Amino acid sequence: MQESLVYRVTVDETGFPLAAEPKNAPARERRAITPFADVPEVAPDPLPRGARQFRVSLGPADQVEVAAVQ
C-alpha cells in the first residue's frame with residue numbers, strides 16, 4: 001500500500017463503531033480488507049447522544065493515525 005486509507009469513523013459513547021466513511025479513493029477501494037469491512041459507511045442521523053467522530057488514517061507499514069473531528 002502506497003497511500004494512506006482515510007476514514008471518518010463514528011463511535012458511540014462506549015467506543016463501539018457506528019460508521020466508517022471512506023474519505024479517499026484508496027479507502028473506498030480497499031475497505032473490504034480493513035477492520036471497517038463490516039461497519040456501515042453512513043453514520044446515523046442524528047448522531048446518538050455521546051457519539052464522537054474521528055479521522056482515522058491507515059498508512060503504509062501498519063501506521064495508524066487518529067484525530068478527533070471537531
# chains A, B, ... in the order shown; residues from 1 in each chain; ligands from 1
$ select_by_dssp --residues "chain A" --states "helix (DSSP H, G or I)" --output "list in words"
Ala25, Pro26, Ala27, Arg28, Glu29, Arg30, Arg31, Ala32, Ile33, Pro60, Ala61 and Asp62 of chain A
$ select_by_dssp --residues "chain A" --states "strand (DSSP E or B)" --output "ChimeraX atom specification"
/A:5-11,17-22,52-59,63-68
$ residues_around --residues "range 25-36 of chain A" --least-positions-apart "6" --cutoff "10 Å" --atoms "only C-alpha atoms" --output "PDB file with C-alpha atoms, in the first residue's frame"
ATOM      1  CA  MET A   1       0.000   0.000   0.000  1.00  0.00           C
ATOM      2  CA  GLN A   2       1.479   3.323  -1.075  1.00  0.00           C
ATOM      3  CA  GLU A   3      -1.189   5.798   0.025  1.00  0.00           C
ATOM      4  CA  SER A   4      -2.967   6.068   3.363  1.00  0.00           C
ATOM      5  CA  LEU A   5      -6.574   4.910   3.649  1.00  0.00           C
ATOM      6  CA  VAL A   6      -8.550   7.706   5.297  1.00  0.00           C
ATOM      7  CA  TYR A   7     -11.906   7.224   7.049  1.00  0.00           C
ATOM      8  CA  VAL A   9     -15.159   6.919  11.942  1.00  0.00           C
ATOM      9  CA  PRO A  17     -18.010   1.810  15.857  1.00  0.00           C
ATOM     10  CA  ALA A  19     -19.864   4.016  10.837  1.00  0.00           C
ATOM     11  CA  SER A  57      -5.685   7.069   8.643  1.00  0.00           C
ATOM     12  CA  LEU A  58      -4.325   3.586   7.951  1.00  0.00           C
TER      13      LEU A  58
END
$ atom_distance --atom1 "CA of Val69 in chain A" --atom2 "CA of Gln53 in chain A"
5.4 Å
$ closest_residue --among "A:Glu13, A:Pro44, A:Ala37, A:Glu21" --to "Val56 in chain A" --atoms "only C-alpha atoms"
A:Glu21
$ residues_around --residues "Gly15 in chain A" --least-positions-apart "4" --cutoff "9 Å" --atoms "only C-alpha atoms" --output "number ranges by chain"
A: 10-11, 51-52
$ atom_distance --atom1 "CA of Pro46 in chain A" --atom2 "CA of Lys23 in chain A"
20.0 Å
$ residues_around --residues "Arg55 in chain A" --least-positions-apart "3" --cutoff "6 Å" --atoms "only C-alpha atoms" --output "PyMOL selection string"
chain A and resi 7-8+66-67
$ atom_distance --atom1 "CA of Pro60 in chain A" --atom2 "CA of Pro22 in chain A"
16.7 Å
